[in-house]
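A.B. asks: If you scroll down you'll find the structure; I have some questions about it.
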Amino acid sequence: MGMKRYGLVWGLVFLGLVAVGGWYWMTNRVEPEDVIEVGDNLEISEEVLERFRGMGEVSDTAERVELRPVEGESGFGVATREVTGGRLYHSVMADLPELGNDEFYEGWLVDGERRVSVGKLIKEKGGWLLEFVGDEGLVEYDLVVITLEVRDDKSPEKEVLKGTFK
């Protein structure tokens with residue numbers, strides 16, 4: 001009878017530990033972020049905008065789009081565009097991982113199969129920046145893509161961030 005009681009006590013202790021562990025796990029677990037498809041009609045979160053304050057001036061009238069990481073990538077950013085005086089003013093502010101030797105980030109405006117490089121992002125003020133001025137006809141290019149490049153050949157390589165102007 002002593003062994004049965006000993007086993008019963010340890011069984012109850014084990015069940016108690018499982019219950020406490022389960023309660024702890026349920027109350028302290030981190031929910032994964034919702035999957036958001038690029039192009040969803042989203043407001044740019046104040047948290048994202050706050051991260052970029054001081055990196056560059058953006059007109060209050062400029063269109064803005066949040067740049068989200070492509071699957072398997074990390075980082076985020078904000079792209080803007082505004083047409084003034086027949087010119088397109090486009091900028092990107094991004095929080096992206098550090099680069100290896102001979103790597104760089106490049107910005108692209110995309111309209112279907114047509115892609116236009118808008119230049120390399122530069123590391124400045126704690127983030128990655130790009131400013132571009134071009135013909136107002138480029139406003140038709142709604143998709144913004146940031147790529148990780150190893151060759152400077154004006155051909156996009158690995159996509160890391162995307163966002164679509166509405």
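Note on naming: chains are A, B, ... as they come in the structure tokens, residues start from 1 per chain, ligands start from 1 in the order shown.
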Tell me which protein, DNA and RNA residues are within 7 Å of region 91-98 of chain A, counting only C-alpha atoms, leaving out same-chain ones fewer than 3 positions away, and put them as a list in words.

C.D. replies: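 After dropping sequence-adjacent residues, the list is Phe52, Ser74, Gly75, Phe76, Gly77, Val78, Ala79, Thr80, Arg81, Gly127, Trp128, Leu129, Leu130, Glu131 and Phe132 of chain A.
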
A.B. asks: Do you know which residues are at most 7 Å from region 108-125 of chain A counting only C-alpha atoms, after dropping those on the same chain fewer than 5 positions away, and could you put them as a list in words?

C.D. replies: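 Residues near the query, excluding close chain neighbours: Met55, Leu130, Phe132, Glu140, Tyr141, Asp142, Leu143, Val144, Val145, Ile146 and Lys154 of chain A.
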
A.B. asks: With C-alpha atoms retained, write the just-selected residues as a PDB file, in the first residue's frame.

C.D. replies:
```pdb
ATOM      1  CA  MET A  55      15.310  60.919 -40.701  1.00  0.00           C
ATOM      2  CA  LEU A 130      16.431  56.990 -50.736  1.00  0.00           C
ATOM      3  CA  PHE A 132      14.349  60.231 -56.147  1.00  0.00           C
ATOM      4  CA  GLU A 140       1.652  55.049 -62.779  1.00  0.00           C
ATOM      5  CA  TYR A 141       4.193  52.746 -61.117  1.00  0.00           C
ATOM      6  CA  ASP A 142       2.251  51.896 -57.942  1.00  0.00           C
ATOM      7  CA  LEU A 143       4.366  49.060 -56.520  1.00  0.00           C
ATOM      8  CA  VAL A 144       7.461  49.956 -54.482  1.00  0.00           C
ATOM      9  CA  VAL A 145      10.058  47.187 -54.098  1.00  0.00           C
ATOM     10  CA  ILE A 146      13.313  47.249 -52.159  1.00  0.00           C
ATOM     11  CA  LYS A 154      20.113  47.425 -63.075  1.00  0.00           C
TER      12      LYS A 154
END
```

A.B. asks: I'd like to know which of A:Leu17, A:Val150, A:Leu67, A:Val133 is closest to Lys162 (chain A), using only C-alpha atoms.

C.D. replies: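 Using only C-alpha atoms, the shortest distance to Lys162 (chain A) belongs to A:Leu67.
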
A.B. asks: What does the structure give for the distance between CA of Tyr24 (chain A) and CA of Tyr6 (chain A), in Å to one decimal?

C.D. replies: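 Separation of CA of Tyr24 (chain A) and CA of Tyr6 (chain A): 27.0 Å.
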
A.B. asks: Provide the CA of Pro69 (chain A) to CA of Val83 (chain A) distance in Å, to one decimal place.

C.D. replies: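 Computing it gives 26.4 Å between the two atoms.
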
A.B. asks: Using DSSP on the backbone, list every residue of region 70-110 of chain A that comes out as strand (DSSP E), and give them as a ChimeraX atom specification.

C.D. replies: /A:76-84,87-95,104-110

A.B. asks: Create the file for the chosen residues now, containing N, CA and C atoms and written as a PDB file, in the first residue's frame.

C.D. replies:
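Final file, again05.pdb:
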```pdb
ATOM      1  N   PHE A  76      11.203  46.879 -42.262  1.00  0.00           N
ATOM      2  CA  PHE A  76       9.987  47.589 -42.635  1.00  0.00           C
ATOM      3  C   PHE A  76      10.383  48.973 -43.104  1.00  0.00           C
ATOM      4  N   GLY A  77       9.428  49.681 -43.682  1.00  0.00           N
ATOM      5  CA  GLY A  77       9.741  51.014 -44.157  1.00  0.00           C
ATOM      6  C   GLY A  77       8.506  51.790 -44.546  1.00  0.00           C
ATOM      7  N   VAL A  78       8.735  53.001 -44.983  1.00  0.00           N
ATOM      8  CA  VAL A  78       7.683  53.891 -45.469  1.00  0.00           C
ATOM      9  C   VAL A  78       8.176  54.499 -46.773  1.00  0.00           C
ATOM     10  N   ALA A  79       7.318  54.487 -47.784  1.00  0.00           N
ATOM     11  CA  ALA A  79       7.622  55.140 -49.060  1.00  0.00           C
ATOM     12  C   ALA A  79       6.624  56.270 -49.261  1.00  0.00           C
ATOM     13  N   THR A  80       7.084  57.341 -49.888  1.00  0.00           N
ATOM     14  CA  THR A  80       6.200  58.463 -50.192  1.00  0.00           C
ATOM     15  C   THR A  80       6.342  58.832 -51.659  1.00  0.00           C
ATOM     16  N   ARG A  81       5.312  59.509 -52.161  1.00  0.00           N
ATOM     17  CA  ARG A  81       5.398  60.070 -53.512  1.00  0.00           C
ATOM     18  C   ARG A  81       4.478  61.277 -53.588  1.00  0.00           C
ATOM     19  N   GLU A  82       4.905  62.213 -54.422  1.00  0.00           N
ATOM     20  CA  GLU A  82       4.121  63.421 -54.634  1.00  0.00           C
ATOM     21  C   GLU A  82       4.516  63.999 -55.985  1.00  0.00           C
ATOM     22  N   VAL A  83       3.523  64.440 -56.742  1.00  0.00           N
ATOM     23  CA  VAL A  83       3.787  65.088 -58.025  1.00  0.00           C
ATOM     24  C   VAL A  83       3.629  66.589 -57.824  1.00  0.00           C
ATOM     25  N   THR A  84       4.693  67.318 -58.154  1.00  0.00           N
ATOM     26  CA  THR A  84       4.695  68.773 -58.046  1.00  0.00           C
ATOM     27  C   THR A  84       5.453  69.336 -59.237  1.00  0.00           C
ATOM     28  N   ARG A  87       6.970  66.950 -61.826  1.00  0.00           N
ATOM     29  CA  ARG A  87       8.004  66.021 -61.367  1.00  0.00           C
ATOM     30  C   ARG A  87       7.432  65.112 -60.275  1.00  0.00           C
ATOM     31  N   LEU A  88       7.914  63.868 -60.255  1.00  0.00           N
ATOM     32  CA  LEU A  88       7.559  62.920 -59.204  1.00  0.00           C
ATOM     33  C   LEU A  88       8.656  62.956 -58.147  1.00  0.00           C
ATOM     34  N   TYR A  89       8.261  63.233 -56.914  1.00  0.00           N
ATOM     35  CA  TYR A  89       9.186  63.201 -55.781  1.00  0.00           C
ATOM     36  C   TYR A  89       8.865  61.945 -54.982  1.00  0.00           C
ATOM     37  N   HIS A  90       9.844  61.058 -54.883  1.00  0.00           N
ATOM     38  CA  HIS A  90       9.650  59.750 -54.250  1.00  0.00           C
ATOM     39  C   HIS A  90      10.744  59.551 -53.207  1.00  0.00           C
ATOM     40  N   SER A  91      10.359  59.080 -52.029  1.00  0.00           N
ATOM     41  CA  SER A  91      11.364  58.803 -51.001  1.00  0.00           C
ATOM     42  C   SER A  91      11.040  57.497 -50.296  1.00  0.00           C
ATOM     43  N   VAL A  92      12.071  56.905 -49.730  1.00  0.00           N
ATOM     44  CA  VAL A  92      11.935  55.682 -48.939  1.00  0.00           C
ATOM     45  C   VAL A  92      12.754  55.861 -47.675  1.00  0.00           C
ATOM     46  N   MET A  93      12.161  55.502 -46.541  1.00  0.00           N
ATOM     47  CA  MET A  93      12.861  55.414 -45.267  1.00  0.00           C
ATOM     48  C   MET A  93      12.637  53.995 -44.780  1.00  0.00           C
ATOM     49  N   ALA A  94      13.718  53.262 -44.489  1.00  0.00           N
ATOM     50  CA  ALA A  94      13.570  51.850 -44.141  1.00  0.00           C
ATOM     51  C   ALA A  94      14.475  51.453 -42.986  1.00  0.00           C
ATOM     52  N   ASP A  95      13.985  50.504 -42.221  1.00  0.00           N
ATOM     53  CA  ASP A  95      14.760  49.855 -41.167  1.00  0.00           C
ATOM     54  C   ASP A  95      15.067  48.458 -41.690  1.00  0.00           C
ATOM     55  N   PHE A 104      24.171  45.872 -51.466  1.00  0.00           N
ATOM     56  CA  PHE A 104      23.494  47.155 -51.327  1.00  0.00           C
ATOM     57  C   PHE A 104      21.999  46.950 -51.512  1.00  0.00           C
ATOM     58  N   TYR A 105      21.231  47.913 -50.989  1.00  0.00           N
ATOM     59  CA  TYR A 105      19.784  47.915 -51.182  1.00  0.00           C
ATOM     60  C   TYR A 105      19.463  48.859 -52.332  1.00  0.00           C
ATOM     61  N   GLU A 106      18.510  48.452 -53.170  1.00  0.00           N
ATOM     62  CA  GLU A 106      18.102  49.275 -54.309  1.00  0.00           C
ATOM     63  C   GLU A 106      16.583  49.405 -54.314  1.00  0.00           C
ATOM     64  N   GLY A 107      16.112  50.598 -54.677  1.00  0.00           N
ATOM     65  CA  GLY A 107      14.682  50.846 -54.768  1.00  0.00           C
ATOM     66  C   GLY A 107      14.192  50.731 -56.202  1.00  0.00           C
ATOM     67  N   TRP A 108      12.960  50.235 -56.347  1.00  0.00           N
ATOM     68  CA  TRP A 108      12.348  50.048 -57.664  1.00  0.00           C
ATOM     69  C   TRP A 108      10.907  50.522 -57.622  1.00  0.00           C
ATOM     70  N   LEU A 109      10.468  51.133 -58.716  1.00  0.00           N
ATOM     71  CA  LEU A 109       9.052  51.398 -58.953  1.00  0.00           C
ATOM     72  C   LEU A 109       8.615  50.425 -60.030  1.00  0.00           C
ATOM     73  N   VAL A 110       7.473  49.771 -59.799  1.00  0.00           N
ATOM     74  CA  VAL A 110       7.037  48.688 -60.683  1.00  0.00           C
ATOM     75  C   VAL A 110       5.612  48.952 -61.152  1.00  0.00           C
TER      76      VAL A 110
END
```

A.B. asks: Between CA of Gly86 (chain A) and CA of Gly134 (chain A), what is the spacing in Å?

C.D. replies: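 Rounded to one decimal, the two atoms are 8.9 Å apart.
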